[in-house]
Every structure is written in C-alpha cells, then in structure tokens.
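Asks: One file: query_12.csv (CSV, C-alpha atoms).
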chain,number,residue,atom,x,y,z
A,246,MET,CA,-6.3,0.6,-6.8
A,247,PRO,CA,-5.9,0.7,-3.0
A,248,LEU,CA,-8.3,-1.3,-0.8
A,249,LEU,CA,-8.1,1.1,2.2
A,250,SER,CA,-11.5,2.5,1.9
A,251,THR,CA,-12.5,1.4,5.4
A,252,SER,CA,-13.3,4.5,7.3
A,253,THR,CA,-12.5,2.7,10.6
A,254,PHE,CA,-8.9,2.1,9.3
A,255,SER,CA,-8.5,5.7,8.3
A,256,GLU,CA,-9.7,7.0,11.7
A,257,LEU,CA,-7.6,4.5,13.7
A,258,PHE,CA,-4.5,5.0,11.6
A,259,SER,CA,-4.7,8.8,12.1
A,260,SER,CA,-5.2,8.4,15.8
A,261,VAL,CA,-2.3,6.0,16.1
A,262,MET,CA,0.1,8.3,14.2
A,263,LYS,CA,-0.9,11.2,16.4
A,264,ASN,CA,0.3,9.1,19.4
A,265,ASN,CA,3.7,8.6,17.6
A,266,PHE,CA,2.9,4.9,16.9
A,267,SER,CA,3.8,3.4,13.5
A,268,PRO,CA,2.2,0.4,11.8
A,269,LEU,CA,5.2,-1.6,13.0
A,270,TRP,CA,4.8,-0.8,16.7
A,271,LYS,CA,3.2,-4.2,17.6
A,272,ILE,CA,5.8,-6.3,16.0
A,273,LYS,CA,8.4,-4.1,17.6
A,274,GLN,CA,6.8,-4.8,20.9
A,275,LEU,CA,7.1,-8.5,20.2
A,276,THR,CA,10.7,-8.3,19.1
A,277,THR,CA,13.9,-8.5,21.2
A,278,ASN,CA,17.5,-8.5,20.1
A,279,ILE,CA,17.0,-12.2,19.4
A,280,GLY,CA,14.0,-12.1,17.2
A,281,ILE,CA,10.2,-11.9,17.3
A,282,TYR,CA,8.4,-13.9,19.9
A,283,GLN,CA,6.1,-16.6,18.5
A,284,HIS,CA,3.0,-16.0,20.8
A,285,GLY,CA,1.3,-13.3,22.8
A,286,LYS,CA,-0.5,-13.6,26.1
A,287,LEU,CA,-3.3,-11.0,25.6
A,288,ASN,CA,-1.5,-7.9,24.5
A,289,LEU,CA,2.0,-8.8,25.8
A,290,PRO,CA,4.7,-11.2,24.5
A,291,ASP,CA,4.5,-14.8,25.8
A,292,ARG,CA,8.2,-15.3,26.4
A,293,ARG,CA,7.7,-19.0,27.5
A,294,MET,CA,6.7,-20.0,24.0
A,295,GLY,CA,10.0,-18.8,22.4
A,296,TYR,CA,10.7,-18.0,18.8
A,297,ALA,CA,9.8,-19.7,15.6
A,298,LEU,CA,11.7,-19.6,12.3
A,299,GLU,CA,8.7,-18.8,10.0
A,300,ASP,CA,7.8,-15.8,12.1
A,301,GLN,CA,11.3,-14.3,11.6
A,302,ALA,CA,11.1,-15.0,7.9
A,303,ARG,CA,7.7,-13.3,7.4
A,304,ALA,CA,8.6,-10.5,9.7
A,305,LEU,CA,11.7,-10.0,7.5
A,306,ILE,CA,9.5,-9.4,4.5
A,307,VAL,CA,7.5,-6.8,6.4
A,308,ALA,CA,10.5,-5.0,7.8
A,309,HIS,CA,12.1,-4.9,4.4
A,310,GLU,CA,9.0,-3.4,2.8
A,311,PHE,CA,8.8,-0.8,5.5
A,312,LYS,CA,12.5,-0.1,5.1
A,313,ASP,CA,13.2,-0.7,8.8
A,314,LYS,CA,16.9,-1.8,8.7
A,315,ASN,CA,17.1,-2.4,12.4
A,316,LEU,CA,14.3,-4.9,12.4
A,317,GLU,CA,15.5,-6.5,9.2
A,318,GLU,CA,18.9,-7.1,10.7
A,319,ILE,CA,17.4,-8.7,13.8
A,320,TYR,CA,15.4,-11.2,11.8
A,321,LEU,CA,18.3,-11.9,9.4
A,322,ASN,CA,20.6,-12.6,12.4
A,323,TYR,CA,18.1,-15.0,13.8
A,324,ILE,CA,18.1,-17.0,10.6
A,325,ILE,CA,21.9,-17.0,10.5
A,326,ARG,CA,22.2,-18.2,14.1
A,327,SER,CA,19.6,-20.9,13.6
A,328,LYS,CA,21.9,-22.8,11.2
A,329,ARG,CA,22.3,-26.5,12.1
A,330,PRO,CA,25.5,-28.5,11.7
A,331,ASP,CA,24.0,-30.0,8.5
A,332,GLY,CA,23.4,-26.6,7.0
A,333,LEU,CA,19.7,-26.6,7.5
A,334,LEU,CA,17.9,-24.5,10.1
A,335,TYR,CA,16.5,-25.1,13.6
A,336,HIS,CA,12.8,-24.4,13.9
A,337,TYR,CA,12.6,-23.0,17.5
A,338,TYR,CA,14.6,-21.1,20.0
A,339,TYR,CA,13.9,-20.9,23.7
A,340,GLU,CA,15.5,-18.3,26.0
A,341,ASP,CA,15.2,-20.3,29.2
A,342,SER,CA,17.5,-23.0,27.8
A,343,ARG,CA,19.4,-20.6,25.6
A,344,SER,CA,19.2,-23.2,22.8
A,345,PHE,CA,17.6,-24.0,19.5
A,346,ASN,CA,15.3,-27.0,19.5
A,347,ASP,CA,13.3,-28.8,16.9
A,348,GLU,CA,11.2,-30.5,19.6
A,349,GLY,CA,11.9,-34.0,18.2
A,350,PHE,CA,10.5,-33.1,14.7
A,351,PRO,CA,12.5,-34.7,11.9
A,352,ALA,CA,13.6,-32.5,9.0
A,353,VAL,CA,10.9,-34.0,6.9
A,354,ALA,CA,8.0,-32.8,9.1
A,355,THR,CA,5.5,-30.7,7.3
A,356,SER,CA,5.8,-27.9,9.8
A,357,ILE,CA,9.5,-27.6,9.2
A,358,GLN,CA,9.1,-27.8,5.4
A,359,GLU,CA,6.7,-24.9,5.6
A,360,ALA,CA,9.1,-22.9,7.8
A,361,TYR,CA,11.9,-23.6,5.3
A,362,GLY,CA,9.6,-22.6,2.4
A,363,ILE,CA,8.7,-19.3,4.1
A,364,THR,CA,12.4,-18.6,4.9
A,365,LEU,CA,13.4,-19.2,1.3
A,366,TRP,CA,10.6,-16.9,0.1
A,367,SER,CA,11.7,-14.2,2.5
A,368,LEU,CA,15.4,-14.3,1.6
A,369,LEU,CA,14.8,-14.4,-2.1
A,370,ALA,CA,12.1,-11.7,-2.1
A,371,THR,CA,14.1,-9.3,0.0
A,372,GLY,CA,17.3,-9.8,-1.9
A,373,ASN,CA,19.2,-10.9,1.2
A,374,PHE,CA,20.2,-14.2,-0.4
A,375,LYS,CA,23.1,-12.4,-2.0
A,376,LYS,CA,24.8,-11.8,1.4
A,377,ASN,CA,27.7,-14.1,2.0
A,378,GLN,CA,26.4,-15.4,5.4
A,379,LEU,CA,23.1,-16.4,3.7
A,380,LYS,CA,24.2,-17.8,0.4
A,381,GLU,CA,25.0,-21.2,1.9
A,382,ILE,CA,21.7,-21.3,3.8
A,383,VAL,CA,19.7,-20.5,0.6
A,384,GLU,CA,21.5,-23.2,-1.4
A,385,ARG,CA,21.0,-25.8,1.4
A,386,LEU,CA,17.3,-25.0,1.6
A,387,LYS,CA,17.0,-25.2,-2.2
A,388,ASP,CA,18.7,-28.6,-2.1
A,389,ASN,CA,16.3,-29.8,0.6
A,390,ALA,CA,13.2,-28.4,-1.3
A,391,TYR,CA,13.4,-31.1,-3.9
A,392,PHE,CA,12.2,-33.6,-1.3
A,393,TRP,CA,9.4,-31.5,0.1
A,394,THR,CA,5.9,-33.0,0.2
A,395,SER,CA,4.0,-30.0,1.7
A,396,PRO,CA,2.2,-27.9,-1.0
A,397,ARG,CA,2.3,-24.8,1.2
A,398,ALA,CA,6.1,-25.2,1.5
A,399,MET,CA,6.4,-25.4,-2.3
A,400,ALA,CA,4.1,-22.4,-2.8
A,401,ALA,CA,6.0,-20.3,-0.3
A,402,ALA,CA,9.3,-21.2,-2.0
A,403,LEU,CA,7.9,-20.3,-5.4
A,404,LEU,CA,6.9,-16.8,-4.1
A,405,GLY,CA,10.6,-16.3,-3.6
A,406,LEU,CA,12.0,-18.1,-6.6
A,407,VAL,CA,10.0,-16.0,-9.0
A,408,HIS,CA,12.2,-13.0,-7.9
A,409,LEU,CA,15.2,-14.6,-9.6
A,410,PRO,CA,15.8,-13.4,-13.2
A,411,ASN,CA,15.3,-16.8,-14.7
A,412,GLN,CA,13.4,-19.9,-13.8
A,413,ASP,CA,15.8,-22.4,-12.3
A,414,SER,CA,15.5,-26.2,-12.0
A,415,LEU,CA,14.0,-26.0,-8.5
A,416,GLU,CA,11.3,-23.6,-9.6
A,417,LYS,CA,10.4,-25.8,-12.5
A,418,GLU,CA,10.3,-28.9,-10.2
A,419,LEU,CA,8.0,-27.2,-7.6
A,420,THR,CA,5.8,-25.7,-10.2
A,421,GLU,CA,5.3,-29.1,-11.9
A,422,LYS,CA,4.6,-30.7,-8.5
A,423,LEU,CA,1.8,-28.3,-7.8
A,424,HIS,CA,0.5,-28.8,-11.3
A,425,ASN,CA,0.5,-32.6,-10.8
A,426,LEU,CA,-1.2,-32.3,-7.4
A,427,PHE,CA,-4.0,-30.3,-9.0
A,428,LYS,CA,-4.3,-32.7,-11.9
A,429,SER,CA,-4.5,-35.7,-9.6
A,430,THR,CA,-7.0,-34.2,-7.2
A,431,ALA,CA,-9.3,-31.7,-9.0
A,432,GLN,CA,-12.8,-32.7,-9.9
A,433,GLU,CA,-15.8,-30.9,-11.3
A,434,LYS,CA,-16.8,-29.4,-8.0
A,435,TRP,CA,-13.4,-29.6,-6.2
A,436,ASN,CA,-10.8,-27.5,-8.1
A,437,TRP,CA,-8.1,-27.9,-5.6
A,438,PHE,CA,-4.6,-29.4,-4.9
A,439,GLU,CA,-5.6,-31.5,-1.9
A,440,ASN,CA,-8.7,-33.4,-0.7
A,441,TYR,CA,-9.1,-30.8,2.1
A,442,LEU,CA,-8.9,-27.1,2.9
A,443,VAL,CA,-6.9,-26.3,6.0
A,444,TYR,CA,-4.9,-23.1,6.8
A,445,ALA,CA,-3.1,-20.6,4.6
A,446,ASN,CA,-4.9,-22.1,1.6
A,447,ALA,CA,-4.6,-19.0,-0.5
A,448,ILE,CA,-0.8,-19.2,-0.8
A,449,LEU,CA,-1.2,-22.1,-3.3
A,450,PRO,CA,-3.2,-20.2,-6.1
A,451,TRP,CA,-1.2,-17.0,-5.1
A,452,ALA,CA,2.0,-18.8,-6.1
A,453,MET,CA,0.4,-20.0,-9.3
A,454,TRP,CA,-0.6,-16.4,-10.2
A,455,GLU,CA,3.0,-15.3,-9.6
A,456,VAL,CA,4.5,-18.1,-11.8
A,457,ALA,CA,1.9,-17.3,-14.5
A,458,ASP,CA,2.8,-13.6,-14.4
A,459,LYS,CA,6.6,-13.9,-14.1
A,460,ARG,CA,7.2,-16.9,-16.4
A,461,LYS,CA,4.2,-16.6,-18.7
A,462,CYS,CA,3.1,-20.1,-17.8
A,463,VAL,CA,-0.3,-20.9,-19.3
A,464,LYS,CA,-0.9,-24.0,-17.2
A,465,SER,CA,-0.2,-22.1,-14.0
A,466,LEU,CA,-2.6,-19.4,-15.1
A,467,GLU,CA,-5.4,-21.9,-15.8
A,468,ILE,CA,-4.9,-23.5,-12.4
A,469,ALA,CA,-4.7,-20.1,-10.7
A,470,LYS,CA,-8.0,-19.0,-12.1
A,471,LYS,CA,-9.8,-22.3,-11.2
A,472,THR,CA,-8.5,-22.5,-7.6
A,473,THR,CA,-9.0,-18.8,-6.8
A,474,ILE,CA,-12.7,-19.1,-7.7
A,475,PHE,CA,-12.9,-22.3,-5.7
A,476,LEU,CA,-11.6,-20.5,-2.6
A,477,ILE,CA,-13.9,-17.6,-3.1
A,478,GLU,CA,-16.9,-19.9,-3.3
A,479,ASN,CA,-15.9,-22.2,-0.4
A,480,CYS,CA,-14.5,-19.5,2.0
A,481,GLN,CA,-17.7,-17.5,2.5
A,482,ILE,CA,-21.0,-17.6,4.2
A,483,ASP,CA,-23.7,-15.6,2.5
A,484,ALA,CA,-21.1,-13.5,0.6
A,485,ILE,CA,-19.2,-12.8,3.8
A,486,PRO,CA,-15.6,-13.9,3.9
A,487,ALA,CA,-15.2,-16.9,6.3
A,488,PRO,CA,-11.8,-18.6,6.5
A,489,ILE,CA,-11.9,-22.4,7.1
A,490,GLY,CA,-12.1,-23.0,10.8
A,491,ASN,CA,-9.2,-24.9,12.4
A,492,ASN,CA,-11.6,-26.9,14.5
A,493,GLY,CA,-11.3,-30.0,12.2
A,494,TRP,CA,-10.6,-28.3,8.9
A,495,PHE,CA,-12.7,-29.0,5.8
A,496,LYS,CA,-12.4,-32.4,4.2
A,497,LYS,CA,-13.9,-33.0,0.8
A,498,GLY,CA,-17.4,-34.3,1.3
A,499,GLY,CA,-17.4,-33.4,5.0
A,500,GLU,CA,-18.8,-30.5,7.1
A,501,LYS,CA,-17.0,-27.2,6.9
A,502,PRO,CA,-16.0,-25.9,10.3
A,503,ILE,CA,-16.7,-22.2,10.9
A,504,TYR,CA,-14.4,-21.5,13.8
A,505,ASP,CA,-11.6,-20.6,14.8
A,506,GLN,CA,-10.9,-18.3,11.8
A,507,GLN,CA,-7.3,-17.1,11.6
A,508,PRO,CA,-5.8,-13.8,10.3
A,509,VAL,CA,-3.2,-15.6,8.2
A,510,ASP,CA,-6.0,-16.9,6.0
A,511,ALA,CA,-7.6,-13.5,5.5
A,512,ALA,CA,-4.2,-11.9,4.8
A,513,TYR,CA,-3.2,-14.4,2.2
A,514,MET,CA,-6.6,-14.0,0.6
A,515,VAL,CA,-6.0,-10.3,0.3
A,516,CYS,CA,-2.6,-10.9,-1.3
A,517,LEU,CA,-4.0,-13.6,-3.6
A,518,LEU,CA,-7.0,-11.6,-4.9
A,519,LYS,CA,-5.0,-8.4,-5.3
A,520,LYS,CA,-2.5,-10.3,-7.4
A,521,ALA,CA,-5.3,-11.9,-9.4
A,522,TYR,CA,-6.8,-8.5,-10.1
A,523,HIS,CA,-3.5,-7.0,-11.2
A,524,ALA,CA,-3.0,-10.0,-13.6
A,525,THR,CA,-6.5,-9.8,-15.1
A,526,GLN,CA,-8.2,-6.5,-14.3
A,527,ASN,CA,-11.2,-8.7,-13.4
A,528,GLN,CA,-13.3,-6.6,-11.0
A,529,LEU,CA,-14.6,-9.8,-9.2
A,530,TYR,CA,-11.1,-10.3,-7.7
A,531,LEU,CA,-10.9,-6.6,-6.6
A,532,THR,CA,-14.4,-6.8,-5.0
A,533,TRP,CA,-13.4,-9.9,-3.0
A,534,ALA,CA,-10.0,-8.4,-2.1
A,535,LYS,CA,-11.8,-5.5,-0.5
A,536,LYS,CA,-14.2,-7.9,1.3
A,537,TRP,CA,-11.3,-9.9,2.7
A,538,TRP,CA,-9.5,-6.8,3.8
A,539,ASN,CA,-12.6,-5.7,5.6
A,540,TRP,CA,-12.7,-9.1,7.4
A,541,PHE,CA,-10.1,-7.7,9.8
A,542,TRP,CA,-12.4,-4.7,10.5
A,543,GLY,CA,-15.7,-6.4,11.3
A,544,GLY,CA,-16.6,-7.5,7.8
A,545,ASN,CA,-16.9,-11.1,9.1
A,546,ILE,CA,-19.7,-13.3,10.3
A,547,GLN,CA,-19.4,-12.1,13.9
A,548,LYS,CA,-19.2,-8.4,12.9
A,549,LYS,CA,-16.2,-8.1,15.2
A,550,SER,CA,-13.1,-6.2,14.5
A,551,LEU,CA,-9.9,-8.1,14.9
A,552,ILE,CA,-7.9,-4.9,15.1
A,553,ASP,CA,-7.7,-2.9,18.3
A,554,GLU,CA,-7.4,0.8,18.8
A,555,ASN,CA,-3.6,0.6,18.4
A,556,LEU,CA,-3.7,-1.3,15.2
A,557,ALA,CA,-2.7,-4.6,16.8
A,558,CYS,CA,-4.3,-7.8,15.5
A,559,TYR,CA,-6.0,-10.4,17.6
A,560,ASP,CA,-5.3,-14.1,17.0
A,561,ALA,CA,-8.6,-15.5,15.8
A,562,LEU,CA,-12.3,-15.1,15.4
A,563,THR,CA,-14.1,-17.6,17.7
A,564,PRO,CA,-17.7,-18.5,18.5
A,565,GLY,CA,-17.6,-16.1,21.4
A,566,GLY,CA,-16.0,-13.2,19.5
A,567,VAL,CA,-12.2,-12.7,19.2
A,568,ASN,CA,-9.3,-14.5,20.8
A,569,LEU,CA,-7.7,-11.6,22.7
A,570,ASN,CA,-4.1,-12.9,22.3
A,571,GLN,CA,-2.0,-11.0,19.9
A,572,GLY,CA,0.8,-13.2,18.5
A,573,ALA,CA,3.4,-12.8,15.8
A,574,GLU,CA,1.7,-14.6,13.0
A,575,SER,CA,-1.5,-12.6,13.3
A,576,ASN,CA,0.2,-9.2,13.4
A,577,ILE,CA,2.8,-9.9,10.7
A,578,CYS,CA,0.2,-11.3,8.4
A,579,PHE,CA,-2.1,-8.3,9.0
A,580,LEU,CA,0.8,-6.0,8.0
A,581,LEU,CA,1.4,-8.1,4.8
A,582,ALA,CA,-2.3,-7.5,4.0
A,583,TYR,CA,-1.9,-3.8,4.8
A,584,LEU,CA,1.1,-3.5,2.4
A,585,VAL,CA,-0.9,-5.0,-0.4
A,586,ALA,CA,-4.1,-3.2,0.5
A,587,LYS,CA,-2.5,0.3,0.5
A,588,ASP,CA,-1.1,0.0,-3.1
Write out the structure in this file as structure tokens.
Replies:
Amino acid sequence: MPLLSTSTFSELFSSVMKNNFSPLWKIKQLTTNIGIYQHGKLNLPDRRMGYALEDQARALIVAHEFKDKNLEEIYLNYIIRSKRPDGLLYHYYYEDSRSFNDEGFPAVATSIQEAYGITLWSLLATGNFKKNQLKEIVERLKDNAYFWTSPRAMAAALLGLVHLPNQDSLEKELTEKLHNLFKSTAQEKWNWFENYLVYANAILPWAMWEVADKRKCVKSLEIAKKTTIFLIENCQIDAIPAPIGNNGWFKKGGEKPIYDQQPVDAAYMVCLLKKAYHATQNQLYLTWAKKWWNWFWGGNIQKKSLIDENLACYDALTPGGVNLNQGAESNICFLLAYLVAKD
C-alpha cells in the first residue's frame, strides 16, 4: 500500500515533471564525474567540503533503484578509486588537494565503520559485489566487519548481507552481536540496543526485521517488534513524529533534545515501518509510516515542509524553522523514503 497520499507531494511532483525535472535532479546537481558532494551551501554544492564514502554508497542504492546507469557508474567508480593500500577504503576525498584523506581517523573510528557498513550494504543490495573490481573490496570489508563495535555499522551491513542466498558466518556474527547488545541493555521501559538514542536509530530494528524475514529468525523478530514500538513511543511529541535532536542526543534517564531533527532519521523510520507493516500487516506500522513520510511535508512539530518547490530536501528542522542547506545525505535519504513510500 503506497504512502503517497500527501496532496502536496502529488501537486509538486506534477509541477516538477512538467518542467522536465526528475526526482533525481537534486542529487544530479550535487554530483560531478568524481562523485556526489557531501554538503550543500543553501541550494548549491559546497565544493570545499569534498566527498564522503557513505554518500556515494547510499546514492548508489538510489541510482540503482531508479535504473540510472550513469549515476550508478559514477558512485561505483568512486568506491573503487577510494581503495587504500591495505584493501580498505578512504573516507573522504578533496578536490583542492586531489587526494583521499581520512583526516587522522583510525580505521576503528565509529564514523568509518558506519561508512564501511553502508558501503557493504550498497554493494550487496545492488548486486555490484559480483564485479571483479569490487569483489576484493567486499571481501576486505567483510573481514574488517568482524571487529566493528558500531551497532549502526553492523545493521547497515546486515541490510546488504540478507541479499545473499544463504546466511554466511559474518551475518550470523553481526546478528548475534545485535541480539547481545539488546539483551545486555534492554529493560522494562528501555527496549533498545544502547543506553542512548542518537542518529539513524531506525536502521537497527530495520535490520532485525530484514533478518527475521529473510532467515526466519524468531529472536530477531521479537527484538524487531520491541524496538520498533520503543522508537515509535520515544520519537514523537503528542503523536507527531519528532526525530531525536542532535543537540545532545537522548541519554537514558536524561532530557530528550527536540532539535535539530534530521531527514536521515525520518527516512529510516519510513523504511523501518513499511518493512514492519509488510512483515506483519499490522496497521499501526502503516499508520506511523505515513506519519513519518508526512514529516517531510510539514507533518512535524514546526509544521514546516522540508521539501522545496523542486523536490529538494533541506538539511534539518531547527527551532527557527528549516536549515536551508541542501546536502547529499538529506536528499539521498529523502529519495530512499520516496522509493519505499511509492510502493
């Protein structure tokens, strides 16, 4: 059942199509022959900030789903070129210096683990892991994944690993790690994997739903249900979707920050809840999936649309309204939500 009941979307989409725009036009504007720029300065690319690995990987998924071979090739080539001497991948690339750079972060840094997890997800989910130039990268990332400590990196990898015909040892390992994190942290009023809620929270139960569905894992299903309800209850204000604000995040027992709310959180919630609905046919999940989709269109506590007249997505919901920058993560994640919402 599609979520695209928002009249605003229908009107804007029709208007954009009449002007020969496509839903991909914004990420095309942010994309060069190198890859997709990480940040925007208002409605233009911010070239100074360079390129980030995870943006190429998520953009690869979107390009693949839209069957845009040209964009897909650009993002794949970025991933191939980012290969380090040890077989892993550099995190950033800057045009000014014409070089890849990890800015001093060691390979064990959480941010790099998450970039690797998203990359593994994208290469496996799009089937590009079968290409000769990418096989070694995938195997090196899988070897490295055994040492990851970031739950979001593990969850992202699982979203890719479930596309393999059979559960391999890495998938079993990462699934068990998430099970154990939940077991060691969850309490009666805190059904979660960590003692805090930060960004991209929904990717964790989303991965559990996928494992439960593809591998018929009873424990994953149980955890998926509990943690999904936990997010629904904790990421709302008076039944209005409200992602955890990045101004301090939400620590168990602490005060929940309201701002800044980010599109990645709303997008992942749409993906999570639509998956939960497909798995259970529980109308509660569908109802909340629609609410989270409408967060982009003004169904938020500020009643402000994060989508402009050209279907580009702003970077955040702030106390004063919207952050007018339009970066890669926001626009890629909006398109991920769109792909889920339209089906």
Asks: Write out as a PyMOL selection string the residues lying within 9 Å of stretch 361-374 of chain A, counting all atoms listed in the file and excluding same-chain residues fewer than 3 positions away.
Replies: chain A and resi 298-306+309-310+321+324+333-334+336+356-358+377-383+386-387+389-390+397-409
Asks: Fewer than 3 positions away in the same chain doesn't count, so skip those; otherwise give me all residues within 6 Å of A:Ala512, counting all atoms listed in the file, as an MDAnalysis selection string.
Replies: chainID A and resid 509 515 578:579 582
Asks: One number please: atom CA of A:Leu269 to atom CA of A:Asn288, in Å, one decimal.
Replies: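 Computing it gives 14.7 Å between the two atoms.
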Asks: For A:Ile468, which residue out of A:Ile319, A:Leu426, A:Cys558, A:Ala534 is the nearest one, using all atoms listed in the file?
Replies: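 Counting all atoms listed in the file, the residue closest to A:Ile468 is A:Leu426.
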Asks: What's around A:Ala573 at 9 Å? Count only C-alpha atoms, leave out sequence neighbours fewer than 3 positions away in its own chain, and write the answer as number ranges by chain.
Replies: A: 271-272, 275, 281-285, 290, 300, 304, 560, 576-578
Asks: Just how far from atom CA of A:Ser342 is atom CA of A:Arg293, in Å to one decimal?
Replies: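 About the pair atom CA of A:Arg293 and atom CA of A:Ser342: they are 10.6 Å apart.
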Asks: From the set A:Phe475, A:Asp341, A:Lys536, A:Ile279, which residue has the shortest atom-to-atom contact distance to A:Glu318, counting only C-alpha atoms?
Replies: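 The answer is A:Ile279, which sits nearest to A:Glu318.
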Asks: Pick out the residues sitting within 7 Å of A:Tyr513, and hand them over as a count of residues only; count all atoms listed in the file, and ignore anything fewer than 6 positions along from it in its own chain.
Replies: 3
Asks: May I have the residues within 6 Å of A:Tyr337 as a list in words, using only C-alpha atoms and disregarding those fewer than 6 positions away in the same chain?
Replies: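 That gives Tyr296, Ala297, Phe345, Asn346 and Asp347 of chain A.
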Asks: Create the file for the chosen residues now, containing C-alpha atoms and written as a PDB file, in the frame of the given file.
Replies:
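again32.pdb written:
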ATOM      1  CA  TYR A 296      10.700 -18.000  18.800  1.00  0.00           C
ATOM      2  CA  ALA A 297       9.800 -19.700  15.600  1.00  0.00           C
ATOM      3  CA  PHE A 345      17.600 -24.000  19.500  1.00  0.00           C
ATOM      4  CA  ASN A 346      15.300 -27.000  19.500  1.00  0.00           C
ATOM      5  CA  ASP A 347      13.300 -28.800  16.900  1.00  0.00           C
TER       6      ASP A 347
END
Asks: Considering all atoms listed in the file, can you say which of A:Thr472, A:Asn568, A:Thr355, A:Gln274 comes closest to A:Thr394?
Replies: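 That would be A:Thr355, the residue with the smallest distance to A:Thr394.
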Asks: When distances are computed from all atoms listed in the file, which of A:Pro486, A:Pro450, A:Pro410, A:Gly280 shows the smallest separation from A:Ala469?
Replies: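 The answer is A:Pro450, which sits nearest to A:Ala469.
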Asks: If you measure from atom CA of A:Trp494 to atom CA of A:Asn570, what distance in Å do you get, rounded to one decimal?
Replies: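 Calculated distance between atom CA of A:Trp494 and atom CA of A:Asn570 is 21.4 Å.
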Asks: Between A:Lys501, A:Arg343, A:Arg385, A:Lys417, which has the minimum distance to A:Lys328 (counting all atoms listed in the file)?
Replies: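 Among the listed residues, the smallest separation from A:Lys328 belongs to A:Arg385.
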Asks: Using all atoms listed in the file, which of the listed residues (A:Ala557, A:Ile552, A:Leu442, A:Leu562) sits closest to A:Glu500?
Replies: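 Comparing A:Ala557, A:Ile552, A:Leu442, A:Leu562 against A:Glu500, the winner is A:Leu442.
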